[in-house]
Amino acid sequence: MATEKVVGTVTEDEEASSRYIVVKALEDGVVIMGLTRGKDTRSHHSERLDAGEVLVAQFTQLTAAIKVRGKAEIMTDVGKVSSGL
Ligand code: TRP
């Protein structure tokens, strides 16, 4: 019998934090960018959300930081903050 895959295992990036960040878009066109870990910082992925859409994400070996453009509610372990004007 094949070994069952554990739900939530990270395959692409190896290690992901066990914690999640949540971003809720408060307007159309909110952009969330994933910034690379390491010596150089580049945006490796961007995700566009419309009003009311929610992204649940983890930091990984590849992603050290995120940047949010537009009006959004951002929830992390360190608290809740809003972006945009
Ligand atoms: N490449 C940077 C690093 O690994 C990514 C980064 C982490 C970053 N924290 C940041 C970029 C804060 C801008 C601001 O350190």
# chains A, B, ... in the order shown; residues from 1 in each chain; ligands from 1
call {"tool": "closest_atom_pairs", "arguments": {"of": "chain A", "to": "ligand 1", "cutoff": "6 Å", "atoms": "only C-alpha atoms and all ligand atoms", "output": "CSV"}}
result
residue,atom,partner,partner_atom_place_in_ligand_line,distance
A:Leu35,CA,ligand 1,5 (C),5.9
A:Thr36,CA,ligand 1,1 (N),5.1
A:Arg37,CA,ligand 1,4 (O),3.4
A:Gly38,CA,ligand 1,4 (O),3.8
A:Lys39,CA,ligand 1,1 (N),5.3
A:Asp40,CA,ligand 1,1 (N),5.0
A:Thr41,CA,ligand 1,1 (N),3.9
A:Ala64,CA,ligand 1,7 (C),4.8
A:Ala65,CA,ligand 1,7 (C),4.9
call {"tool": "select_by_dssp", "arguments": {"residues": "chain A", "states": "strand (DSSP E or B)", "output": "VMD selection string"}}
result
chain A and resid 16 21 to 25 30 to 36 43 to 49 54 to 57 60 63 to 69 72 to 76 79 to 83
call {"tool": "atom_distance", "arguments": {"atom1": "CA of Arg69 in chain A", "atom2": "CA of Val22 in chain A"}}
result
14.4 Å
call {"tool": "closest_residue", "arguments": {"among": "A:Val68, A:Leu26, A:Leu85, A:Leu62", "to": "Arg42 in chain A", "atoms": "only C-alpha atoms"}}
result
A:Leu62
call {"tool": "residues_around", "arguments": {"residues": "range 55-60 of chain A", "least_positions_apart": "5", "cutoff": "8 Å", "atoms": "only C-alpha atoms", "output": "ChimeraX atom specification"}}
result
/A:13-24,49,65
